[in-house]
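Engineer: Structure in structure tokens, see below.
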Amino acid sequence: MNILFFGPNGSGKGTQGAILKEKFKTPHIESGAIFRENIKGGTELGKQAKAYIDKGELVPDDITIPMILDRLKEDDCKNGWLLDGFPRNKNQAVKLNEALKQAGMNLDIVVEIELDREIAKNRIMGRRLCVNDNNHPNNIFIDAIKPDGDKCRVCGGELQTRSDDQDEAAIDKRHGIYYDSETGTLAAAYYFRDLAENDPSMTYITLDGKNSVPEVADELVSKLPK
């Protein structure tokens with residue numbers, strides 16, 4: 001299965017992506033990692049991308065999309081892939097769809113986690129990290145994993161916050177791009193939703209991000225093509 005994943009920061013997208021990765025035994029391709037690998041590896045596309053990044057400019061789509069396609073053509077993707085973090089806007093969605101068609105790749109499933117913007121923001125700012133184990137989930141805004149006062153709900157350890165989780169301006173900026181349904185990331189998701197309505201080979205799945213992780217996972221699995 002070739003899968004595209006959409007969801008705002010704070011929606012639990014990474015967790016649900018891991019479930020799909022395990023179910024279909026496909027690599028989870030994150031766009032940021034592709035940039036890092038190409039730049040570190042000194043590929044021609046990586047060199048071109050680095051020149052823009054070093055100037056503080058966005059890397060053009062005609063560099064980004066070939067870089068992504070190169071990754072999707074690698075051996076570990078021959079039985080499917082899960083792409084996360086791209087496209088970020090409608091224009092990129094159109095170009096990606098055209099590039100996939102030219103490469104003879106089908107997009108089988110598009111997943112969108114729906115979540116109110118204020119809830120997504122609170123979930124990010126409410127995250128607390130246990131000093132004993134970062135995998136102990138604690139969030140002051142989620143009843144099911146609310147800390148025990150200022151202590152970890154799992155082990156009683158001290159809790160800390162990540163500085164970027166508390167950067168409200170940065171969160172608002174990222175969410176501003178994501179929730180833009182005219183030209184932003186939601187517009188990209190809706191572009192594929194509209195394609196799926198007329199393409200029986202493509203399945204568009206929406207999930208209710210307000211629910212708990214197990215509930216969202218159950219909904220995801222129930223909506224996957226049999």
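Labeling convention for the structure tokens: chains A, B, ... as they appear, residues from 1 per chain, ligands from 1 in order of appearance.
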Identify, on the basis of only C-alpha atoms, every residue whose closest approach to stretch 109-116 of chain A does not exceed 7 Å; exclude the query and any residue fewer than 5 positions from it along the same chain; express the result as a PDB file with N, CA, C and O atoms, in the first residue's frame.
Structural biologist:
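Contents of result-v8.pdb, as written:
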```pdb
ATOM      1  N   ASN A   2       0.529   2.221  -0.860  1.00  0.00           N
ATOM      2  CA  ASN A   2       1.173   3.527  -0.850  1.00  0.00           C
ATOM      3  C   ASN A   2       0.242   4.494  -0.139  1.00  0.00           C
ATOM      4  O   ASN A   2      -0.909   4.683  -0.540  1.00  0.00           O
ATOM      5  N   ILE A   3       0.725   5.093   0.955  1.00  0.00           N
ATOM      6  CA  ILE A   3      -0.136   5.841   1.866  1.00  0.00           C
ATOM      7  C   ILE A   3       0.407   7.252   2.082  1.00  0.00           C
ATOM      8  O   ILE A   3       1.612   7.445   2.274  1.00  0.00           O
ATOM      9  N   LEU A   4      -0.500   8.227   2.062  1.00  0.00           N
ATOM     10  CA  LEU A   4      -0.167   9.618   2.363  1.00  0.00           C
ATOM     11  C   LEU A   4      -0.900   9.996   3.639  1.00  0.00           C
ATOM     12  O   LEU A   4      -2.077   9.685   3.798  1.00  0.00           O
ATOM     13  N   PHE A   5      -0.194  10.681   4.555  1.00  0.00           N
ATOM     14  CA  PHE A   5      -0.749  10.936   5.883  1.00  0.00           C
ATOM     15  C   PHE A   5      -0.798  12.427   6.174  1.00  0.00           C
ATOM     16  O   PHE A   5       0.195  13.140   6.031  1.00  0.00           O
ATOM     17  N   PHE A   6      -1.975  12.912   6.603  1.00  0.00           N
ATOM     18  CA  PHE A   6      -2.149  14.309   6.996  1.00  0.00           C
ATOM     19  C   PHE A   6      -2.656  14.390   8.437  1.00  0.00           C
ATOM     20  O   PHE A   6      -3.470  13.573   8.862  1.00  0.00           O
ATOM     21  N   GLY A   7      -2.192  15.409   9.151  1.00  0.00           N
ATOM     22  CA  GLY A   7      -2.672  15.650  10.506  1.00  0.00           C
ATOM     23  C   GLY A   7      -1.867  16.790  11.110  1.00  0.00           C
ATOM     24  O   GLY A   7      -0.667  16.902  10.866  1.00  0.00           O
ATOM     25  N   SER A  11      -1.865  16.002  16.845  1.00  0.00           N
ATOM     26  CA  SER A  11      -2.970  15.086  16.534  1.00  0.00           C
ATOM     27  C   SER A  11      -2.633  13.619  16.770  1.00  0.00           C
ATOM     28  O   SER A  11      -3.507  12.762  16.643  1.00  0.00           O
ATOM     29  N   MET A 202      -8.470   4.782  -5.041  1.00  0.00           N
ATOM     30  CA  MET A 202      -7.923   5.575  -3.937  1.00  0.00           C
ATOM     31  C   MET A 202      -8.942   5.665  -2.806  1.00  0.00           C
ATOM     32  O   MET A 202     -10.108   5.952  -3.034  1.00  0.00           O
ATOM     33  N   THR A 203      -8.492   5.420  -1.585  1.00  0.00           N
ATOM     34  CA  THR A 203      -9.354   5.505  -0.405  1.00  0.00           C
ATOM     35  C   THR A 203      -8.945   6.689   0.458  1.00  0.00           C
ATOM     36  O   THR A 203      -7.771   6.814   0.815  1.00  0.00           O
ATOM     37  N   TYR A 204      -9.907   7.582   0.772  1.00  0.00           N
ATOM     38  CA  TYR A 204      -9.646   8.727   1.631  1.00  0.00           C
ATOM     39  C   TYR A 204     -10.300   8.467   2.980  1.00  0.00           C
ATOM     40  O   TYR A 204     -11.508   8.274   3.074  1.00  0.00           O
ATOM     41  N   ILE A 205      -9.481   8.452   4.030  1.00  0.00           N
ATOM     42  CA  ILE A 205      -9.949   8.110   5.374  1.00  0.00           C
ATOM     43  C   ILE A 205      -9.831   9.325   6.290  1.00  0.00           C
ATOM     44  O   ILE A 205      -8.767   9.945   6.365  1.00  0.00           O
ATOM     45  N   THR A 206     -10.907   9.655   6.980  1.00  0.00           N
ATOM     46  CA  THR A 206     -10.840  10.702   7.996  1.00  0.00           C
ATOM     47  C   THR A 206     -10.998  10.059   9.369  1.00  0.00           C
ATOM     48  O   THR A 206     -11.796   9.135   9.549  1.00  0.00           O
ATOM     49  N   LEU A 207     -10.222  10.554  10.327  1.00  0.00           N
ATOM     50  CA  LEU A 207     -10.239  10.026  11.684  1.00  0.00           C
ATOM     51  C   LEU A 207     -10.537  11.158  12.670  1.00  0.00           C
ATOM     52  O   LEU A 207     -10.101  12.290  12.473  1.00  0.00           O
ATOM     53  N   ASP A 208     -11.253  10.837  13.721  1.00  0.00           N
ATOM     54  CA  ASP A 208     -11.581  11.819  14.748  1.00  0.00           C
ATOM     55  C   ASP A 208     -10.441  11.897  15.754  1.00  0.00           C
ATOM     56  O   ASP A 208     -10.280  11.028  16.615  1.00  0.00           O
ATOM     57  N   GLY A 209      -9.636  12.947  15.637  1.00  0.00           N
ATOM     58  CA  GLY A 209      -8.453  13.082  16.477  1.00  0.00           C
ATOM     59  C   GLY A 209      -8.738  13.409  17.931  1.00  0.00           C
ATOM     60  O   GLY A 209      -7.823  13.393  18.756  1.00  0.00           O
ATOM     61  N   LYS A 210     -10.006  13.726  18.267  1.00  0.00           N
ATOM     62  CA  LYS A 210     -10.331  14.031  19.672  1.00  0.00           C
ATOM     63  C   LYS A 210     -10.276  12.777  20.537  1.00  0.00           C
ATOM     64  O   LYS A 210     -10.112  12.859  21.754  1.00  0.00           O
TER      65      LYS A 210
END
```
Engineer: I'd like the contact shell of stretch 145-151 of chain A - 10 Å cut-off, only C-alpha atoms, skipping same-chain residues fewer than 2 positions apart - returned as a PDB file with C-alpha atoms, in the first residue's frame.
Structural biologist:
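Output contents, as saved in out.pdb:
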```pdb
ATOM      1  CA  GLY A 126       0.189  20.338  27.638  1.00  0.00           C
ATOM      2  CA  ARG A 127       2.852  17.696  26.994  1.00  0.00           C
ATOM      3  CA  ARG A 128       5.056  16.858  29.964  1.00  0.00           C
ATOM      4  CA  LEU A 129       8.162  14.680  29.796  1.00  0.00           C
ATOM      5  CA  CYS A 130       9.091  12.280  32.580  1.00  0.00           C
ATOM      6  CA  VAL A 131      12.763  12.559  33.530  1.00  0.00           C
ATOM      7  CA  HIS A 136       5.610   7.698  29.963  1.00  0.00           C
ATOM      8  CA  PRO A 137       2.706   9.724  28.498  1.00  0.00           C
ATOM      9  CA  ASN A 138       1.678  12.785  30.500  1.00  0.00           C
ATOM     10  CA  ASN A 139      -0.453  15.685  29.267  1.00  0.00           C
ATOM     11  CA  ILE A 140      -2.214  18.225  31.462  1.00  0.00           C
ATOM     12  CA  PHE A 141      -4.987  18.679  28.863  1.00  0.00           C
ATOM     13  CA  ILE A 142      -5.826  14.994  28.283  1.00  0.00           C
ATOM     14  CA  ASP A 143      -7.781  13.406  31.127  1.00  0.00           C
ATOM     15  CA  ARG A 153       1.330   9.482  36.374  1.00  0.00           C
ATOM     16  CA  VAL A 154       3.254   6.267  35.617  1.00  0.00           C
ATOM     17  CA  CYS A 155       6.256   6.321  37.944  1.00  0.00           C
ATOM     18  CA  GLY A 156       5.998   9.471  40.048  1.00  0.00           C
ATOM     19  CA  GLY A 157       9.090  10.985  38.445  1.00  0.00           C
ATOM     20  CA  GLU A 158       9.734  14.685  37.937  1.00  0.00           C
ATOM     21  CA  LEU A 159       8.171  16.247  34.850  1.00  0.00           C
ATOM     22  CA  GLN A 160       9.700  18.699  32.396  1.00  0.00           C
ATOM     23  CA  SER A 212      -7.863   8.422  22.602  1.00  0.00           C
TER      24      SER A 212
END
```
Engineer: By how many Å are atom CA of A:Ala144 and atom CA of A:Asp172 apart?
Structural biologist: 25.3 Å
Engineer: Contacts of A:Gln92 at 9 Å or less, counting only C-alpha atoms, minus same-chain residues fewer than 5 places along, as a count of residues only?
Structural biologist: 6
Engineer: Which residues, written as a list in words, have at least one atom at most 12 Å from A:Pro200, with only C-alpha atoms counted and residues fewer than 6 positions away on the same chain left out?
Structural biologist: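 These residues fall inside the cut-off: Asn106, Leu107, Asp108, Ile109, Arg193, Asp194 and Pro225 of chain A.
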Engineer: Kindly export the residues of the current selection with all heavy atoms, as a PDB file, in the first residue's frame.
Structural biologist:
```pdb
ATOM      1  N   ASN A 106       0.886   4.422  -7.853  1.00  0.00           N
ATOM      2  CA  ASN A 106      -0.479   4.692  -7.430  1.00  0.00           C
ATOM      3  C   ASN A 106      -0.501   5.130  -5.978  1.00  0.00           C
ATOM      4  O   ASN A 106       0.257   4.616  -5.164  1.00  0.00           O
ATOM      5  CB  ASN A 106      -1.353   3.436  -7.575  1.00  0.00           C
ATOM      6  CG  ASN A 106      -1.538   3.036  -9.021  1.00  0.00           C
ATOM      7  OD1 ASN A 106      -1.694   3.882  -9.894  1.00  0.00           O
ATOM      8  ND2 ASN A 106      -1.514   1.737  -9.278  1.00  0.00           N
ATOM      9  N   LEU A 107      -1.365   6.078  -5.668  1.00  0.00           N
ATOM     10  CA  LEU A 107      -1.603   6.470  -4.285  1.00  0.00           C
ATOM     11  C   LEU A 107      -2.851   5.735  -3.826  1.00  0.00           C
ATOM     12  O   LEU A 107      -3.946   5.979  -4.335  1.00  0.00           O
ATOM     13  CB  LEU A 107      -1.788   7.986  -4.181  1.00  0.00           C
ATOM     14  CG  LEU A 107      -1.983   8.566  -2.784  1.00  0.00           C
ATOM     15  CD1 LEU A 107      -0.839   8.165  -1.867  1.00  0.00           C
ATOM     16  CD2 LEU A 107      -2.087  10.090  -2.860  1.00  0.00           C
ATOM     17  N   ASP A 108      -2.686   4.797  -2.899  1.00  0.00           N
ATOM     18  CA  ASP A 108      -3.782   3.911  -2.519  1.00  0.00           C
ATOM     19  C   ASP A 108      -4.653   4.478  -1.403  1.00  0.00           C
ATOM     20  O   ASP A 108      -5.875   4.378  -1.445  1.00  0.00           O
ATOM     21  CB  ASP A 108      -3.228   2.552  -2.070  1.00  0.00           C
ATOM     22  CG  ASP A 108      -2.388   1.890  -3.147  1.00  0.00           C
ATOM     23  OD1 ASP A 108      -2.928   1.681  -4.247  1.00  0.00           O
ATOM     24  OD2 ASP A 108      -1.206   1.608  -2.894  1.00  0.00           O
ATOM     25  N   ILE A 109      -4.014   5.042  -0.379  1.00  0.00           N
ATOM     26  CA  ILE A 109      -4.750   5.506   0.800  1.00  0.00           C
ATOM     27  C   ILE A 109      -4.259   6.895   1.207  1.00  0.00           C
ATOM     28  O   ILE A 109      -3.053   7.147   1.256  1.00  0.00           O
ATOM     29  CB  ILE A 109      -4.553   4.538   1.996  1.00  0.00           C
ATOM     30  CG1 ILE A 109      -5.053   3.132   1.653  1.00  0.00           C
ATOM     31  CG2 ILE A 109      -5.262   5.059   3.236  1.00  0.00           C
ATOM     32  CD1 ILE A 109      -4.725   2.103   2.717  1.00  0.00           C
ATOM     33  N   ARG A 193      -8.765  14.347  -1.399  1.00  0.00           N
ATOM     34  CA  ARG A 193     -10.128  13.896  -1.082  1.00  0.00           C
ATOM     35  C   ARG A 193     -11.015  13.986  -2.319  1.00  0.00           C
ATOM     36  O   ARG A 193     -11.784  13.054  -2.620  1.00  0.00           O
ATOM     37  CB  ARG A 193     -10.697  14.753   0.049  1.00  0.00           C
ATOM     38  CG  ARG A 193     -12.110  14.355   0.476  1.00  0.00           C
ATOM     39  CD  ARG A 193     -12.692  15.374   1.433  1.00  0.00           C
ATOM     40  NE  ARG A 193     -12.841  16.686   0.798  1.00  0.00           N
ATOM     41  CZ  ARG A 193     -13.203  17.795   1.438  1.00  0.00           C
ATOM     42  NH1 ARG A 193     -13.433  17.761   2.745  1.00  0.00           N
ATOM     43  NH2 ARG A 193     -13.322  18.942   0.792  1.00  0.00           N
ATOM     44  N   ASP A 194     -10.889  15.100  -3.042  1.00  0.00           N
ATOM     45  CA  ASP A 194     -11.697  15.284  -4.246  1.00  0.00           C
ATOM     46  C   ASP A 194     -11.305  14.280  -5.333  1.00  0.00           C
ATOM     47  O   ASP A 194     -12.164  13.768  -6.058  1.00  0.00           O
ATOM     48  CB  ASP A 194     -11.548  16.716  -4.772  1.00  0.00           C
ATOM     49  CG  ASP A 194     -12.162  17.751  -3.819  1.00  0.00           C
ATOM     50  OD1 ASP A 194     -12.961  17.348  -2.949  1.00  0.00           O
ATOM     51  OD2 ASP A 194     -11.808  18.938  -3.937  1.00  0.00           O
ATOM     52  N   PRO A 225      -8.947  -0.426   3.635  1.00  0.00           N
ATOM     53  CA  PRO A 225      -9.487  -1.365   2.643  1.00  0.00           C
ATOM     54  C   PRO A 225      -9.211  -2.808   3.050  1.00  0.00           C
ATOM     55  O   PRO A 225      -8.118  -3.124   3.548  1.00  0.00           O
ATOM     56  CB  PRO A 225      -8.707  -1.003   1.365  1.00  0.00           C
ATOM     57  CG  PRO A 225      -8.228   0.395   1.597  1.00  0.00           C
ATOM     58  CD  PRO A 225      -7.977   0.507   3.061  1.00  0.00           C
TER      59      PRO A 225
END
```
Engineer: Enter the distance from atom CA of A:Leu45 to atom CA of A:Ile29, in Å, rounded to one decimal.
Structural biologist: 17.3 Å
